[in-house]
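**Student:** The following file, query_16.tsv, comprises TSV, C-alpha atoms:
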```
chain	number	residue	atom	x	y	z
X	7	MET	CA	-73.36	-14.08	23.39
X	8	ALA	CA	-73.02	-17.80	24.12
X	9	PHE	CA	-70.17	-18.95	26.33
X	10	ASP	CA	-69.03	-21.83	28.50
X	11	LEU	CA	-67.81	-21.80	32.09
X	12	GLU	CA	-65.05	-24.30	32.83
X	13	PRO	CA	-64.10	-24.91	36.47
X	14	VAL	CA	-60.34	-24.70	37.05
X	15	SER	CA	-57.99	-24.67	40.03
X	16	PHE	CA	-56.18	-21.58	41.30
X	17	SER	CA	-52.90	-23.20	40.26
X	18	GLU	CA	-54.14	-22.99	36.65
X	19	LEU	CA	-54.42	-19.18	36.79
X	20	PRO	CA	-51.28	-17.87	35.02
X	21	GLY	CA	-49.23	-15.89	37.52
X	22	TRP	CA	-51.58	-16.46	40.45
X	23	PHE	CA	-48.84	-17.22	42.96
X	24	ALA	CA	-46.97	-14.03	42.07
X	25	ASP	CA	-50.02	-11.78	42.45
X	26	ASP	CA	-50.87	-9.77	45.55
X	27	PRO	CA	-54.66	-9.39	45.59
X	28	ALA	CA	-54.84	-7.48	48.90
X	29	PRO	CA	-56.15	-4.28	47.21
X	30	VAL	CA	-59.11	-6.30	45.92
X	31	ILE	CA	-60.03	-7.22	49.49
X	32	ALA	CA	-60.16	-3.51	50.36
X	33	SER	CA	-62.55	-3.01	47.44
X	34	LEU	CA	-64.68	-5.95	48.60
X	35	ARG	CA	-65.10	-4.19	51.94
X	36	ARG	CA	-66.30	-1.03	50.21
X	37	CYS	CA	-68.78	-3.06	48.17
X	38	HIS	CA	-70.01	-4.77	51.33
X	39	ARG	CA	-70.71	-1.41	52.97
X	40	HIS	CA	-72.61	-0.22	49.90
X	41	VAL	CA	-74.82	-3.28	49.44
X	42	THR	CA	-75.71	-3.47	53.14
X	43	THR	CA	-76.24	0.25	53.83
X	44	VAL	CA	-77.46	1.64	50.48
X	45	LYS	CA	-78.81	-1.04	48.12
X	46	PRO	CA	-77.73	-4.34	46.53
X	47	TYR	CA	-76.30	-4.50	43.04
X	48	LYS	CA	-78.55	-5.69	40.25
X	49	THR	CA	-77.91	-9.33	39.31
X	50	GLY	CA	-76.52	-9.88	35.81
X	51	SER	CA	-77.79	-12.56	33.46
X	52	LEU	CA	-75.07	-14.97	34.64
X	53	GLY	CA	-77.05	-15.15	37.87
X	54	LEU	CA	-74.47	-14.30	40.55
X	55	SER	CA	-76.24	-12.22	43.17
X	56	VAL	CA	-75.22	-10.05	46.10
X	57	GLU	CA	-76.70	-12.75	48.32
X	58	ASP	CA	-74.22	-15.21	46.80
X	59	MET	CA	-71.39	-12.78	47.57
X	60	LEU	CA	-72.36	-11.88	51.14
X	61	PRO	CA	-70.38	-14.63	52.94
X	62	ALA	CA	-67.19	-13.58	51.13
X	63	PHE	CA	-67.96	-9.88	51.70
X	64	GLU	CA	-68.28	-10.55	55.42
X	65	ALA	CA	-65.11	-12.64	55.56
X	66	ALA	CA	-63.20	-9.82	53.84
X	67	GLY	CA	-63.38	-7.87	57.08
X	68	GLY	CA	-60.56	-9.95	58.58
X	69	ASP	CA	-56.83	-9.23	58.74
X	70	PHE	CA	-54.58	-10.18	55.84
X	71	ALA	CA	-50.93	-9.68	56.72
X	72	ASN	CA	-49.35	-10.39	53.34
X	73	ALA	CA	-49.94	-11.48	49.74
X	74	ALA	CA	-50.05	-15.16	50.69
X	75	ALA	CA	-52.81	-14.49	53.24
X	76	ALA	CA	-54.76	-12.48	50.65
X	77	ARG	CA	-54.48	-15.30	48.12
X	78	ALA	CA	-55.54	-17.81	50.78
X	79	PHE	CA	-58.68	-15.76	51.40
X	80	PHE	CA	-59.78	-16.05	47.76
X	81	GLU	CA	-58.81	-19.72	47.62
X	82	ALA	CA	-61.03	-20.35	50.65
X	83	TRP	CA	-64.09	-18.41	49.49
X	84	PHE	CA	-64.15	-18.73	45.70
X	85	VAL	CA	-63.90	-21.22	42.84
X	86	PRO	CA	-62.37	-19.97	39.56
X	87	PHE	CA	-64.12	-20.67	36.25
X	88	ARG	CA	-62.59	-19.96	32.86
X	89	ILE	CA	-64.96	-18.01	30.60
X	90	ARG	CA	-64.84	-19.44	27.07
X	91	PRO	CA	-66.76	-17.32	24.55
X	92	LYS	CA	-68.08	-19.56	21.80
X	93	GLY	CA	-66.51	-18.82	18.44
X	94	LYS	CA	-63.60	-16.85	19.92
X	95	ARG	CA	-60.15	-17.92	21.01
X	96	ALA	CA	-59.98	-15.58	23.99
X	97	GLY	CA	-61.43	-12.48	25.57
X	98	PHE	CA	-60.27	-8.91	25.04
X	99	VAL	CA	-59.12	-6.10	27.34
X	100	THR	CA	-58.69	-2.38	26.94
X	101	ALA	CA	-58.00	0.19	29.66
X	102	PHE	CA	-59.29	3.53	30.90
X	103	TYR	CA	-58.07	6.20	33.29
X	104	GLU	CA	-59.07	9.44	35.02
X	105	PRO	CA	-57.63	12.44	33.15
X	106	GLU	CA	-56.37	15.54	34.95
X	107	ILE	CA	-56.98	18.82	33.15
X	108	GLU	CA	-56.56	22.50	33.89
X	109	VAL	CA	-59.82	24.43	34.01
X	110	ARG	CA	-61.30	27.81	34.87
X	111	GLU	CA	-64.58	28.57	36.61
X	112	GLU	CA	-65.38	31.27	34.05
X	113	PRO	CA	-64.51	31.32	30.34
X	114	ASP	CA	-61.65	33.46	29.09
X	115	ALA	CA	-59.71	33.83	25.86
X	116	ASN	CA	-58.00	30.44	26.29
X	117	PHE	CA	-60.44	28.39	28.37
X	118	ARG	CA	-63.72	28.27	26.48
X	119	VAL	CA	-64.77	24.61	26.20
X	120	PRO	CA	-67.44	23.74	28.80
X	121	LEU	CA	-68.01	20.61	30.83
X	122	TYR	CA	-71.75	20.30	31.49
X	123	ARG	CA	-74.00	19.15	34.30
X	124	ARG	CA	-77.06	17.07	33.48
X	125	PRO	CA	-79.78	19.27	31.94
X	126	SER	CA	-83.30	19.27	33.39
X	127	ASP	CA	-84.91	18.27	30.08
X	128	LEU	CA	-82.89	15.04	29.90
X	129	VAL	CA	-85.08	12.17	31.12
X	130	ASP	CA	-84.48	8.49	31.72
X	131	ILE	CA	-86.20	6.19	29.23
X	132	ASN	CA	-87.49	2.69	29.97
X	133	ASP	CA	-90.01	0.34	28.44
X	134	ALA	CA	-92.84	2.15	30.19
X	135	ASN	CA	-92.23	5.59	28.66
X	136	ARG	CA	-90.32	4.80	25.45
X	137	PRO	CA	-92.02	6.41	22.43
X	138	GLU	CA	-93.15	4.02	19.73
X	139	GLY	CA	-90.45	3.55	17.12
X	140	MET	CA	-87.58	4.90	19.25
X	141	ASP	CA	-84.38	2.83	19.11
X	142	PRO	CA	-84.43	0.50	22.18
X	143	TYR	CA	-80.78	1.42	22.77
X	144	PHE	CA	-81.73	4.87	24.03
X	145	ALA	CA	-81.77	5.06	27.83
X	146	PHE	CA	-82.13	8.86	27.82
X	147	GLY	CA	-84.25	11.30	25.84
X	148	CYS	CA	-85.39	14.90	25.65
X	149	LEU	CA	-88.67	15.95	27.28
X	150	ARG	CA	-90.12	18.70	25.09
X	151	ASP	CA	-93.71	19.96	25.29
X	152	GLY	CA	-94.76	16.85	27.20
X	153	ARG	CA	-93.29	14.48	24.62
X	154	ILE	CA	-90.09	12.41	24.77
X	155	GLU	CA	-87.85	12.55	21.73
X	156	GLU	CA	-84.20	11.95	20.85
X	157	TYR	CA	-81.87	14.34	22.69
X	158	PRO	CA	-79.77	16.68	20.51
X	159	ASP	CA	-76.36	15.15	19.79
X	160	ARG	CA	-72.74	16.27	20.20
X	161	CYS	CA	-72.84	18.54	17.15
X	162	ALA	CA	-75.98	20.36	18.31
X	163	ILE	CA	-74.66	20.81	21.86
X	164	GLU	CA	-71.27	22.10	20.67
X	165	GLU	CA	-73.11	24.57	18.44
X	166	GLY	CA	-74.96	26.04	21.43
X	167	PHE	CA	-78.02	23.93	22.29
X	168	LEU	CA	-77.26	24.19	26.04
X	169	ALA	CA	-75.92	27.75	26.06
X	170	GLY	CA	-77.40	30.12	28.63
X	171	ARG	CA	-78.78	27.47	30.99
X	172	GLY	CA	-76.06	27.76	33.64
X	173	LEU	CA	-75.06	24.11	33.30
X	174	GLU	CA	-71.32	24.73	32.92
X	175	ILE	CA	-69.23	23.13	35.67
X	176	ALA	CA	-65.93	24.53	34.37
X	177	TYR	CA	-64.17	25.50	31.16
X	178	ALA	CA	-61.20	23.67	29.63
X	179	ARG	CA	-58.68	24.83	27.07
X	180	SER	CA	-58.98	22.04	24.52
X	181	LYS	CA	-61.97	20.49	22.78
X	182	VAL	CA	-59.88	17.34	22.32
X	183	ASP	CA	-59.16	17.17	26.07
X	184	VAL	CA	-62.87	17.47	26.83
X	185	PHE	CA	-63.69	14.79	24.26
X	186	PHE	CA	-61.35	12.33	25.99
X	187	VAL	CA	-62.84	13.24	29.37
X	188	HIS	CA	-66.15	12.19	27.84
X	189	VAL	CA	-64.62	8.92	26.64
X	190	GLN	CA	-63.17	8.17	30.09
X	191	GLY	CA	-66.32	9.31	31.92
X	192	ALA	CA	-64.49	11.19	34.69
X	193	ALA	CA	-61.71	13.68	35.37
X	194	ARG	CA	-59.83	15.60	38.04
X	195	LEU	CA	-60.12	19.33	37.48
X	196	ASN	CA	-57.17	21.53	38.47
X	197	TYR	CA	-57.95	25.20	39.19
X	198	PRO	CA	-55.48	28.15	39.19
X	199	ASP	CA	-55.67	28.53	42.99
X	200	GLY	CA	-54.35	24.99	43.43
X	201	SER	CA	-57.69	23.47	44.35
X	202	ARG	CA	-58.89	20.26	42.75
X	203	ARG	CA	-62.31	18.83	42.15
X	204	ARG	CA	-63.57	15.73	40.46
X	205	ILE	CA	-66.30	15.17	37.91
X	206	THR	CA	-67.87	11.80	37.32
X	207	TYR	CA	-70.46	10.47	34.89
X	208	ALA	CA	-74.04	11.61	35.52
X	209	ALA	CA	-75.86	10.84	32.24
X	210	LYS	CA	-75.52	11.01	28.46
X	211	THR	CA	-77.60	12.00	25.47
X	212	GLY	CA	-78.26	8.35	24.72
X	213	HIS	CA	-76.70	8.09	21.28
X	214	ARG	CA	-74.48	5.12	20.50
X	215	PHE	CA	-70.80	5.56	21.22
X	216	THR	CA	-68.65	5.65	18.08
X	217	ALA	CA	-64.91	5.03	18.43
X	218	ILE	CA	-63.05	7.68	16.44
X	219	GLY	CA	-59.94	5.46	16.38
X	220	LYS	CA	-61.91	2.90	14.39
X	221	LEU	CA	-63.14	5.67	12.09
X	222	LEU	CA	-59.59	6.87	11.41
X	223	ILE	CA	-58.43	3.30	10.73
X	224	GLU	CA	-61.28	2.77	8.26
X	225	ARG	CA	-60.32	6.00	6.50
X	226	GLY	CA	-56.69	4.92	6.24
X	227	GLU	CA	-55.49	7.76	8.47
X	228	ILE	CA	-54.03	5.59	11.25
X	229	ASP	CA	-52.47	2.12	11.15
X	230	ALA	CA	-54.60	-0.44	12.98
X	231	ALA	CA	-51.45	-2.13	14.30
X	232	THR	CA	-50.29	1.01	16.12
X	233	VAL	CA	-53.52	2.78	17.04
X	234	SER	CA	-53.57	4.21	20.56
X	235	MET	CA	-54.92	7.22	22.38
X	236	ALA	CA	-51.58	8.94	21.77
X	237	SER	CA	-51.67	8.28	18.02
X	238	ILE	CA	-55.27	9.53	17.82
X	239	ARG	CA	-54.30	12.71	19.68
X	240	GLU	CA	-51.31	13.21	17.39
X	241	TRP	CA	-53.53	12.89	14.30
X	242	LEU	CA	-56.06	15.38	15.70
X	243	ALA	CA	-53.28	17.85	16.55
X	244	ALA	CA	-51.92	17.56	13.01
X	245	HIS	CA	-55.37	18.07	11.41
X	246	PRO	CA	-57.09	20.90	13.33
X	247	ASP	CA	-59.27	21.72	10.32
X	248	ARG	CA	-60.80	18.21	10.47
X	249	THR	CA	-61.05	17.82	14.25
X	250	ASP	CA	-64.69	18.91	14.62
X	251	GLU	CA	-65.89	16.60	11.87
X	252	VAL	CA	-64.08	13.60	13.35
X	253	LEU	CA	-65.10	14.22	16.96
X	254	ARG	CA	-68.74	14.81	15.99
X	255	HIS	CA	-68.82	11.43	14.32
X	256	ASN	CA	-69.29	10.23	17.91
X	257	ARG	CA	-72.76	11.65	18.54
X	258	SER	CA	-72.81	10.55	22.19
X	259	PHE	CA	-72.34	13.41	24.67
X	260	ILE	CA	-71.65	12.98	28.40
X	261	PHE	CA	-72.93	15.01	31.35
X	262	PHE	CA	-71.17	15.09	34.71
X	263	ARG	CA	-71.70	15.65	38.40
X	264	GLU	CA	-69.20	17.22	40.78
X	265	ALA	CA	-67.49	15.32	43.58
X	266	PRO	CA	-64.56	15.98	45.93
X	267	VAL	CA	-61.14	14.38	45.58
X	268	GLU	CA	-61.16	12.58	48.92
X	269	LYS	CA	-58.20	10.22	48.47
X	270	ASP	CA	-55.40	10.78	45.98
X	271	ASP	CA	-54.68	7.06	45.70
X	272	LEU	CA	-58.23	6.10	44.66
X	273	GLY	CA	-60.11	6.78	41.46
X	274	PRO	CA	-63.61	8.18	41.03
X	275	VAL	CA	-66.78	6.58	42.31
X	276	ALA	CA	-68.01	4.61	39.31
X	277	ALA	CA	-71.07	2.53	38.43
X	278	ALA	CA	-70.73	0.25	41.48
X	279	LYS	CA	-70.90	3.38	43.69
X	280	VAL	CA	-67.52	2.78	45.31
X	281	PRO	CA	-64.13	4.35	44.44
X	282	LEU	CA	-62.10	2.61	41.77
X	283	GLU	CA	-58.89	0.94	42.97
X	284	PRO	CA	-56.17	1.70	40.38
X	285	GLY	CA	-54.94	-1.41	38.62
X	286	ARG	CA	-57.53	-3.59	40.35
X	287	SER	CA	-60.85	-2.34	38.99
X	288	LEU	CA	-62.51	-3.73	35.90
X	289	ALA	CA	-65.37	-2.43	33.77
X	290	VAL	CA	-67.53	-5.34	32.57
X	291	ASP	CA	-70.72	-5.98	30.62
X	292	ARG	CA	-73.32	-5.03	33.19
X	293	LEU	CA	-76.05	-7.07	31.51
X	294	ILE	CA	-74.07	-10.29	32.09
X	295	HIS	CA	-71.98	-9.71	35.20
X	296	THR	CA	-72.73	-8.40	38.69
X	297	PHE	CA	-70.71	-5.68	40.36
X	298	GLY	CA	-68.50	-6.76	43.25
X	299	VAL	CA	-67.53	-10.09	41.66
X	300	PRO	CA	-63.77	-10.83	41.29
X	301	PHE	CA	-62.14	-11.67	37.95
X	302	TYR	CA	-58.65	-12.91	37.23
X	303	ILE	CA	-57.32	-11.51	33.94
X	304	ALA	CA	-54.31	-13.08	32.21
X	305	SER	CA	-52.69	-11.86	29.01
X	306	GLU	CA	-49.33	-12.97	27.64
X	307	THR	CA	-49.14	-10.03	25.23
X	308	LEU	CA	-50.07	-7.31	27.73
X	309	THR	CA	-46.70	-6.56	29.29
X	310	HIS	CA	-46.29	-2.80	29.75
X	311	LEU	CA	-48.56	-2.62	32.81
X	312	ASP	CA	-46.26	-4.90	34.82
X	313	GLY	CA	-42.75	-3.85	33.89
X	314	GLY	CA	-42.41	-6.17	30.90
X	315	ASN	CA	-44.01	-9.19	32.55
X	316	SER	CA	-47.16	-10.84	31.21
X	317	PHE	CA	-50.29	-9.50	32.85
X	318	GLY	CA	-51.87	-11.71	35.50
X	319	ARG	CA	-53.92	-9.94	38.10
X	320	LEU	CA	-57.03	-10.31	40.24
X	321	MET	CA	-59.55	-7.51	39.73
X	322	LEU	CA	-63.02	-6.53	40.86
X	323	ALA	CA	-65.98	-5.70	38.61
X	324	LEU	CA	-66.78	-2.10	39.58
X	325	ASP	CA	-67.73	-0.30	36.40
X	326	THR	CA	-69.29	-0.70	32.97
X	327	GLY	CA	-69.36	1.06	29.61
X	328	SER	CA	-71.27	1.07	26.36
X	329	ALA	CA	-68.28	-0.38	24.48
X	330	ILE	CA	-67.82	-3.22	26.99
X	331	VAL	CA	-69.97	-5.97	25.52
X	332	GLY	CA	-69.65	-9.71	26.05
X	333	PRO	CA	-68.78	-12.19	28.81
X	334	ALA	CA	-65.00	-11.96	28.34
X	335	ARG	CA	-64.62	-8.25	27.64
X	336	GLY	CA	-63.09	-5.90	30.20
X	337	ASP	CA	-61.71	-2.41	30.66
X	338	ILE	CA	-58.89	-2.02	33.20
X	339	PHE	CA	-58.72	1.16	35.31
X	340	THR	CA	-55.06	2.26	35.38
X	341	GLY	CA	-55.39	5.27	37.69
X	342	SER	CA	-55.39	9.07	37.45
X	343	GLY	CA	-53.26	11.56	35.53
X	344	ASP	CA	-51.04	11.56	32.46
X	345	ALA	CA	-48.92	8.56	33.48
X	346	ALA	CA	-52.04	6.45	33.92
X	347	GLY	CA	-53.27	7.71	30.56
X	348	ASP	CA	-50.03	6.61	28.90
X	349	LEU	CA	-50.54	3.14	30.36
X	350	ALA	CA	-54.18	2.93	29.37
X	351	GLY	CA	-53.90	4.31	25.86
X	352	SER	CA	-52.24	1.32	24.22
X	353	VAL	CA	-54.03	-1.57	25.97
X	354	ARG	CA	-55.80	-3.61	23.28
X	355	ASN	CA	-54.96	-7.22	24.03
X	356	GLU	CA	-56.40	-10.70	23.93
X	357	ALA	CA	-56.80	-12.05	27.44
X	358	ASP	CA	-58.10	-15.06	29.32
X	359	PHE	CA	-60.94	-14.27	31.71
X	360	PHE	CA	-61.54	-16.24	34.88
X	361	ILE	CA	-64.53	-15.40	37.04
X	362	LEU	CA	-64.28	-16.22	40.75
X	363	VAL	CA	-67.62	-17.71	41.78
X	364	PRO	CA	-68.45	-17.64	45.50
X	365	LEU	CA	-68.06	-21.05	47.07
X	366	ALA	CA	-71.73	-21.35	48.00
X	367	ALA	CA	-72.80	-20.79	44.37
X	368	ALA	CA	-70.09	-22.82	42.63
X	369	ALA	CA	-72.05	-26.10	42.62
X	370	ARG	CA	-74.80	-24.74	40.41
X	371	TYR	CA	-72.26	-23.46	37.85
X	372	ARG	CA	-70.48	-26.82	37.78
X	373	ARG	CA	-73.81	-28.44	36.91
X	374	GLN	CA	-74.68	-25.85	34.28
X	375	SER	CA	-71.55	-24.75	32.44
X	376	SER	CA	-73.04	-23.49	29.15
X	377	HIS	CA	-74.68	-20.07	28.82
X	378	GLY	CA	-76.22	-18.35	25.86
```
In structure tokens, how does this file's structure come out?

**Tutor:**
Amino acid sequence: MAFDLEPVSFSELPGWFADDPAPVIASLRRCHRHVTTVKPYKTGSLGLSVEDMLPAFEAAGGDFANAAAARAFFEAWFVPFRIRPKGKRAGFVTAFYEPEIEVREEPDANFRVPLYRRPSDLVDINDANRPEGMDPYFAFGCLRDGRIEEYPDRCAIEEGFLAGRGLEIAYARSKVDVFFVHVQGAARLNYPDGSRRRITYAAKTGHRFTAIGKLLIERGEIDAATVSMASIREWLAAHPDRTDEVLRHNRSFIFFREAPVEKDDLGPVAAAKVPLEPGRSLAVDRLIHTFGVPFYIASETLTHLDGGNSFGRLMLALDTGSAIVGPARGDIFTGSGDAAGDLAGSVRNEADFFILVPLAAAARYRRQSSHG
């Protein structure tokens, strides 16, 4: 998608002087540890690299006593650019969260819906091993008799394709709950003995994600003006005889890996390989943007995340998703549990996107402001 980058001042960011971006600095430190001790993030097509970010990463190790000091850090190390998608008035934000669900280690009369680990016959697909004629979208496939083919979809798996392989991590009560865990890509699992574990995304079948909310709108079942996760859940609860058919319209199926819940106040480790900071982490289009880069998101119509005030907040690009496509498209992580889910479920708002370009790289983006 073509877009322009327009350099602006921090004073032009709506709500900048009321924001406290200190949590973003904590996330920058985590990113710095990852890129220097594990491996750098892949550079998106916009061209911002980890090397561009390193001076700011290193400076983030200092002390920041208050919100003003945190803002001064970003003002010293970054230049904001407004992202203007060509042909659109503004960008668009949604939100996601980490569900908490009750589970059992073994199935019983009430808990019978499995959450699966990655199967051994699921293989990564790239240009080197992609079979001729396979949709280029597929990043995963099924290795069968030495040949790679499309992996069985949600319907086939729910009807028993993976049964008997010992891939079950745990069993949940509700197929709808498990479906939304798939949509969110992570969950906290609560066991009867009081213990908690976490599952995070490991892989998927490779099929395209299909939003069932959009399907229900197209069928006239839900009003587009009021659609939310809550309204979708209410419709599914009221139509149990049609639930399977609607859920299976989304052929994509997610596999998970287990992880501990190390800190209650942080979310799961996501695509950037660091924990998500609630309210300060953004999923972006990974093909365009680079993880670890700050974004300022402003939306006059998004008010319920900040007590009735218009949303204006600095965030860090730490995750991605198949539905997050475009230069000014983001998904806000609201946190863990039902309250975070209530916040996330109704976020569908136009928003202005400002990318904070490291000072050392800003000159080249001033010279070349059009991308496409």

**Student:** Each residue of region 44-126 of chain X lying at most 10 Å from region 341-354 of chain X should get a row with its shortest atom-to-atom pair and the distance in Å to one decimal, counting all atoms listed in the file; could you produce that, ordered by chain and increasing number, as CSV?

**Tutor:**
```
residue,atom,partner,partner_atom,distance
X:Phe98,CA,X:Arg354,CA,7.2
X:Val99,CA,X:Arg354,CA,5.8
X:Thr100,CA,X:Arg354,CA,4.8
X:Ala101,CA,X:Ala350,CA,4.7
X:Phe102,CA,X:Ala350,CA,5.4
X:Tyr103,CA,X:Gly341,CA,5.2
X:Glu104,CA,X:Ser342,CA,4.4
X:Pro105,CA,X:Gly343,CA,5.1
X:Glu106,CA,X:Gly343,CA,5.1
X:Ile107,CA,X:Gly343,CA,8.5
```

**Student:** Have a look at X:Ala357, X:Ala209, X:Val290, X:Ala74 and name the one nearest to Gly318 (chain X); count all atoms listed in the file.

**Tutor:**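 Under the stated criterion, the closest residue is X:Ala357.
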
**Student:** Using Å and a single decimal, report how far CA of Lys181 (chain X) sits from CA of Arg123 (chain X).

**Tutor:**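 Distance between the two atoms: 16.7 Å.
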
**Student:** Quick one: of X:Ala289, X:Ser15, X:Glu64, X:Arg150, who's nearest to Val331 (chain X), counting only C-alpha atoms?

**Tutor:**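 Residue with the minimum atom-to-atom distance to Val331 (chain X): X:Ala289.
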
**Student:** Using CA of Phe185 (chain X) and CA of Leu293 (chain X) as the two end points, give the distance in Å to one decimal.

**Tutor:** 26.1 Å

**Student:** Could you tell me, as a list in words, which residues have any atom at most 7 Å from (-66.2, 21.3, 31.3), counting only C-alpha atoms?

**Tutor:**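 Selection result: Val119, Pro120, Leu121, Tyr122, Glu174, Ile175, Ala176, Tyr177, Ala178 and Val184 of chain X.
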
**Student:** Set the distance at 12 Å and use only C-alpha atoms: which residues neighbour Arg225 (chain X) once local chain neighbours fewer than 6 positions away are removed? I'd like the list as a ChimeraX atom specification.

**Tutor:** /X:218-219,252

**Student:** By how many Å are CA of Pro266 (chain X) and CA of Arg110 (chain X) apart?

**Tutor:**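 Going from CA of Pro266 (chain X) over to CA of Arg110 (chain X), I get 16.5 Å.
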